[in-house]
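*Asks:* Mind having a look at this structure? Questions to follow.
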Amino acid sequence: MGDPAPASGIEGRPEDILRASAVSRSFEGVQALQDVTLELHSREVVGLVGPNGAGKSTLVNVLTGFDLPTSGTVELRGREITGWSAHRRARSGLTRTFQHSRSLRALSVRENVEVAALGVGVGAREARRRAQELLGRLGLTELADVRAGSLAQGDERRLGVARALVTEPAFVLMDEPAAGLPEAEVPEFAEVVRSVRDDHRAGVLLIDHNMALVMGVCDRIHVLDQGRTLAAGTPEEIRGDLNVAAAYLGETAVATDA
Amino acid sequence: MSRRLDTLTELLGPAVIVILVGALATTASASNEVYFLNALVFVAIVVAIYVFVGISGVLSFGQISFVAVGAFAAGVMTVPVDSKKGVLTSVFPLLRDHSVGNVPSLLLAAGLGGVFAFVVGLPLMRLSGLAAGIATFAVLEITHNVLREWTKIGPGATTLALVPETTGALQATLGALVAIVVAFLYQRSRRGRLLRASREDPAVARSVGVNIHLERLLAFTLSGALAGFAGALYVHLLGSITTEQVYLELTFLTLAMLVVGGLTSLWGAVIGALGVSGLDSFLSRAEQSHVHVVLTFTLWQGTRLVFLAAIMALVLILRPSGLTGGRELRLRWSLRRGRG
Ligand SMILES: Nc1ncnc2c1ncn2[C@@H]1O[C@H](COP(=O)(O)OP(=O)(O)OP(=O)(O)O)[C@@H](O)[C@H]1O
Ligand SMILES: [Mg+2]
């Protein structure tokens with residue numbers, strides 16, 4: 001990206017941070033987010049967990065410009081971006097995947113990924129090269145010429161991840177990307193997430209109800225409940241911290257895969 | 001490579017069929033030739049509409065405004081100066097004292113259509129769905145009324161006559177080809193691909209950096225320019241024109257062509273334009289006189305549109321995405337079905 005000097009291992013430089021500061025969002029009557037502060041650094045994976053309706057997707061919407069906070073601010077690399085459009089954020093290296101299956105249905109899997117690269121200003125040839133590579137990494141090569149609208153749910157989620165990664169984002173927010181993925185393919189997906197962190201040096205926000213996946217790949221975990229931050233810390237801290245909520249974590253782990 | 005082949009058929013299919021129709025026009029009798037030329041001009045108009053409506057997925061009832069502006073601009077500017085004093089009595093002196101040739105009038109019409117569409121599109125392209133439909137319809141109404149009432153820029157409610165009839169088989173064919181090539185290049189370009197992505201899923205498109213408002217505005221402008229150009233072809237085919245000829249009926253007819261052919265492909269736009277205008281010509285002849293097809297019959301005046309509407313409804317019931325299924329012409333089946 002256009003940044004000077006590569007990251008030198010110093011944590012917390014503003015260039016390497018996506019931050020939501022005291023963000024609140026209310027829908028008529030429902031307080032979906034209340035005073036939530038969350039930081040995502042380059043080269044880390046942060047898990048965002050919580051029961052259904054906790055406000056996880058709303059936070060992703062607010063961070064990526066699909067929704068405006070009622071109060072609070074969003075900063076990307078030290079710049080306030082609270083009012084920026086979604087496409088402008090994407091071009092600045094902040095992108096996302098969607099919880100509910102969404103894709104460019106009439107287009108082929110390959111075209112889905114290529115067009116995403118074109119969207120952030122990559123040339124046609126380079127877009128083709130990147131798409132080819134990502135389809136391989138996400139195990140979609142075989143499906144490259146299939147209509148995206150006819151994919152199985154797990155494949156569609158992986159396509160969503162490929163579309164986000166092809167833009168070579170500095171920060172990528174994944175809303176339940178592993179939902180619908182066969183259990184056997186989860187470890188492979190965890191590897192993809194790690195490689196986004198380690199090879200692409202991106203920051204990943206990962207929402208998932210699969211606690212094994214979250215505990216396994218995340219460097220830090222942020223727990224939301226009814227729009228508030230319930231806890232935040234390393235996976236170990238969260239495990240210890242939530243004695244009371246152990247049952248609740250166990251419950252959400254099996255609650256929804258949808 | 002198979003992709004190359006697809007690229008080739010996507011352009012050559014529509015181009016070849018247009019050239020064939022042009023060739024048929026030259027062999028037809030003088031009284032029949034006009035039907036072929038009409039069909040070719042309709043190809044240009046429908047392709048212009050396709051560039052915006054088909055690729056963006058946003059409905060517009062307003063594109064015929066740009067056809068109207070192009071037709072009247074080209075018409076007014078090509079009536080010979082000597083004749084203008086008779087037919088265009090109250091226009092601005094600048095328009096009254098100057099005339100241009102055939103080709104400049106086509107370019108002028110394209111330019112005006114594009115500029116007008118850009119100005120209108122600036123506020124309108126923020127809308128989509130029903131709101132866009134209504135607002136673009138308002139543009140058609142406003143354009144129609146201005147053209148009909150403002151006699152300083154044109155003939156007003158009277159007929160604009162004495163326009164040189166330069167749209168013969170050659171110009172109609174070339175004109176349709178120009179529209180097809182421009183639409184093809186656009187839909188294959190980066191911008192065209194981004195707009196199509198936004199049609200499929202606006203949220204996904206935004207999440208990968210697509211500025212939907214901008215992409216729609218550009219397509220609307222390009223569509224306006226092509227529509228203006230097509231309007232100029234039309235007026236040079238007819239030789240005389242009234243504002244009623246580029247208004248509601250033409251809007252309905254051209255949208256029907258696009259929908260019947262298949263809204264989402266260039267191939268569909270071309271097939272729809274040729275098919276429906278062929279049918280329309282046949283029906284309007286049947287209204288005027290006896291037609292022999294197995295039996296001899298005559299249609300009542302005004303039944304033509306009823307038939308067309310019924311056929312459109314029938315096609316949509318049987319093939320909701322149009323005759324071509326909204327796909328480009330392919331030599332083989334390229335998109336396999338997935339596992340799911
Ligand atoms: N557009 C909206 N209009 C009204 N209420 C909304 C809207 N979006 C979210 N909400 C409400 O805000 C709360 C938080 O929703 P959100 O989708 O962020 O939860 P979540 O944590 O992502 O849940 P899940 O695990 O089910 O995806 C819910 O009560 C939801 O009903
Ligand atoms: Mg959610």
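Simple scheme: letters A, B, ... for chains in structure tokens order, numbers from 1 for residues in each chain, numbers from 1 for ligands in the order shown.
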Considering only C-alpha atoms and all ligand atoms, tabulate each residue of chain A that lies at most 9 Å from ligand 2 along with its nearest interatomic pair and the corresponding distance in Å to one decimal; arrange the rows by chain and ascending residue number and present them as JSON lines.
*Replies:*
```
{"residue": "A:Asn52", "atom": "CA", "partner": "ligand 2", "partner_atom_place_in_ligand_line": "1 (Mg)", "distance": 7.0}
{"residue": "A:Gly53", "atom": "CA", "partner": "ligand 2", "partner_atom_place_in_ligand_line": "1 (Mg)", "distance": 7.0}
{"residue": "A:Ala54", "atom": "CA", "partner": "ligand 2", "partner_atom_place_in_ligand_line": "1 (Mg)", "distance": 8.0}
{"residue": "A:Gly55", "atom": "CA", "partner": "ligand 2", "partner_atom_place_in_ligand_line": "1 (Mg)", "distance": 7.0}
{"residue": "A:Lys56", "atom": "CA", "partner": "ligand 2", "partner_atom_place_in_ligand_line": "1 (Mg)", "distance": 5.4}
{"residue": "A:Ser57", "atom": "CA", "partner": "ligand 2", "partner_atom_place_in_ligand_line": "1 (Mg)", "distance": 4.0}
{"residue": "A:Thr58", "atom": "CA", "partner": "ligand 2", "partner_atom_place_in_ligand_line": "1 (Mg)", "distance": 7.2}
{"residue": "A:Val60", "atom": "CA", "partner": "ligand 2", "partner_atom_place_in_ligand_line": "1 (Mg)", "distance": 8.7}
{"residue": "A:Phe98", "atom": "CA", "partner": "ligand 2", "partner_atom_place_in_ligand_line": "1 (Mg)", "distance": 8.7}
{"residue": "A:Gln99", "atom": "CA", "partner": "ligand 2", "partner_atom_place_in_ligand_line": "1 (Mg)", "distance": 6.1}
{"residue": "A:His100", "atom": "CA", "partner": "ligand 2", "partner_atom_place_in_ligand_line": "1 (Mg)", "distance": 8.4}
{"residue": "A:Asp175", "atom": "CA", "partner": "ligand 2", "partner_atom_place_in_ligand_line": "1 (Mg)", "distance": 6.7}
{"residue": "A:Glu176", "atom": "CA", "partner": "ligand 2", "partner_atom_place_in_ligand_line": "1 (Mg)", "distance": 7.5}
{"residue": "A:Ile207", "atom": "CA", "partner": "ligand 2", "partner_atom_place_in_ligand_line": "1 (Mg)", "distance": 8.0}
```
*Asks:* At a cut-off of 10 Å, can you tabulate as a tab-separated table every residue of range 105-129 of chain B near range 69-79 of chain B together with its closest atom pair and the distance in Å to one decimal, using only C-alpha atoms and ordering rows by chain then number?
*Replies:*
```
residue	atom	partner	partner_atom	distance
B:Ser105	CA	B:Ala74	CA	4.8
B:Leu106	CA	B:Ala74	CA	6.4
B:Leu107	CA	B:Ala74	CA	8.8
B:Leu108	CA	B:Ala74	CA	7.0
B:Ala109	CA	B:Gly70	CA	4.2
B:Ala110	CA	B:Gly70	CA	6.6
B:Gly111	CA	B:Gly70	CA	8.6
B:Leu112	CA	B:Gly70	CA	6.8
B:Gly113	CA	B:Gly70	CA	6.0
B:Gly114	CA	B:Gly70	CA	9.6
B:Phe116	CA	B:Val69	CA	8.5
```
*Asks:* Report as a PyMOL selection string all protein, DNA and RNA residues lying within 12 Å of Ala313 in chain B, evaluated on only C-alpha atoms, omitting residues in the same chain fewer than 4 positions from it.
*Replies:* chain B and resi 256-257+259-260+306-309+317-322
*Asks:* Selected residues, N, CA and C atoms, written as a CSV table (one decimal), in the first residue's frame, please.
*Replies:*
```csv
chain,number,residue,atom,x,y,z
B,256,ALA,N,-40.0,-3.1,-24.6
B,256,ALA,CA,-40.5,-4.4,-24.9
B,256,ALA,C,-39.4,-5.2,-25.6
B,257,MET,N,-38.8,-4.6,-26.6
B,257,MET,CA,-37.8,-5.3,-27.4
B,257,MET,C,-36.6,-5.8,-26.5
B,259,VAL,N,-36.7,-6.4,-23.2
B,259,VAL,CA,-37.1,-7.4,-22.3
B,259,VAL,C,-37.4,-8.7,-23.0
B,260,VAL,N,-38.0,-8.6,-24.2
B,260,VAL,CA,-38.3,-9.9,-24.9
B,260,VAL,C,-37.0,-10.5,-25.3
B,306,VAL,N,-51.8,-3.8,-28.9
B,306,VAL,CA,-52.5,-4.9,-28.1
B,306,VAL,C,-51.8,-6.2,-28.3
B,307,PHE,N,-51.6,-6.5,-29.6
B,307,PHE,CA,-50.9,-7.8,-30.0
B,307,PHE,C,-49.5,-7.8,-29.4
B,308,LEU,N,-48.8,-6.7,-29.6
B,308,LEU,CA,-47.4,-6.6,-29.1
B,308,LEU,C,-47.3,-6.9,-27.6
B,309,ALA,N,-48.2,-6.2,-26.9
B,309,ALA,CA,-48.2,-6.3,-25.4
B,309,ALA,C,-48.5,-7.8,-25.0
B,317,ILE,N,-43.9,-14.9,-19.7
B,317,ILE,CA,-44.4,-16.0,-18.9
B,317,ILE,C,-43.6,-17.3,-19.2
B,318,LEU,N,-43.4,-17.5,-20.5
B,318,LEU,CA,-42.7,-18.7,-21.0
B,318,LEU,C,-41.2,-18.7,-20.7
B,319,ARG,N,-40.6,-17.5,-20.9
B,319,ARG,CA,-39.1,-17.3,-20.8
B,319,ARG,C,-38.9,-16.0,-20.0
B,320,PRO,N,-38.9,-16.1,-18.7
B,320,PRO,CA,-38.8,-14.9,-17.9
B,320,PRO,C,-37.6,-14.0,-18.2
B,321,SER,N,-36.5,-14.7,-18.6
B,321,SER,CA,-35.3,-13.8,-18.9
B,321,SER,C,-35.1,-13.6,-20.4
B,322,GLY,N,-36.2,-13.6,-21.1
B,322,GLY,CA,-36.1,-13.3,-22.5
B,322,GLY,C,-35.8,-14.4,-23.4
```
*Asks:* Distance cut-off 9 Å, counting only C-alpha atoms - which residues of chain A neighbour chain B? Return them as a PyMOL selection string.
*Replies:* chain A and resi 64-66+85-92+94-98+102-108+112+115-121+123-124+143+145-153+155+160+163-164+167
*Asks:* Excluding Asp225 in chain A and its own-chain neighbours fewer than 3 positions away, which residues fall within 6 Å of it when counting only C-alpha atoms? Please give them as a list in words.
*Replies:*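 Listed by chain and then number, they are Gly50, Ala54, Arg228 and Leu230 of chain A.
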*Asks:* For a quick check of understanding, using only C-alpha atoms and all ligand atoms, which of A:Leu181, A:Leu18, A:Ala131, A:Leu206 has the smallest distance to ligand 1?
*Replies:* A:Leu206
*Asks:* Between A:Ala184, A:Val223, A:Ala127, A:Val109, single out the one closest to ligand 1, counting only C-alpha atoms and all ligand atoms.
*Replies:* A:Val223
*Asks:* Hey, what's within 9 Å of Leu11 in chain B if we count only C-alpha atoms and toss same-chain stuff fewer than 2 positions away? As a PyMOL selection string, please?
*Replies:* chain B and resi 6-9+13-16+180-181+184+266-267+329
*Asks:* Considering only C-alpha atoms, return as an MDAnalysis selection string whatever protein or nucleic-acid residues lie within 8 Å of range 21-29 of chain A, sequence-local ones (same chain, fewer than 6 positions apart) excluded.
*Replies:* chainID A and resid 35:38 58 68:75
*Asks:* DSSP on the backbone, strand (DSSP E) only: what residues of range 108-328 of chain B does that give? Format it as a tab-separated table (two decimals) with N, CA, C and O atoms, in the first residue's frame.
*Replies:*
```tsv
chain	number	residue	atom	x	y	z
B	291	VAL	N	-53.15	-8.69	-45.34
B	291	VAL	CA	-51.88	-9.39	-45.33
B	291	VAL	C	-52.16	-10.87	-45.56
B	291	VAL	O	-53.12	-11.43	-45.02
B	292	HIS	N	-51.35	-11.48	-46.37
B	292	HIS	CA	-51.57	-12.89	-46.65
B	292	HIS	C	-50.58	-13.75	-45.89
B	292	HIS	O	-49.40	-13.71	-46.14
B	293	VAL	N	-51.06	-14.47	-44.90
B	293	VAL	CA	-50.27	-15.54	-44.27
B	293	VAL	C	-51.23	-16.70	-44.10
B	293	VAL	O	-52.04	-16.70	-43.18
B	295	LEU	N	-54.01	-17.40	-44.39
B	295	LEU	CA	-55.28	-16.73	-44.62
B	295	LEU	C	-55.01	-15.26	-44.91
B	295	LEU	O	-53.95	-14.75	-44.61
B	296	THR	N	-56.00	-14.62	-45.46
B	296	THR	CA	-55.87	-13.18	-45.67
B	296	THR	C	-56.60	-12.48	-44.54
B	296	THR	O	-57.73	-12.82	-44.23
B	297	PHE	N	-55.92	-11.56	-43.90
B	297	PHE	CA	-56.66	-10.86	-42.83
B	297	PHE	C	-56.22	-9.41	-42.69
B	297	PHE	O	-55.18	-8.99	-43.17
```
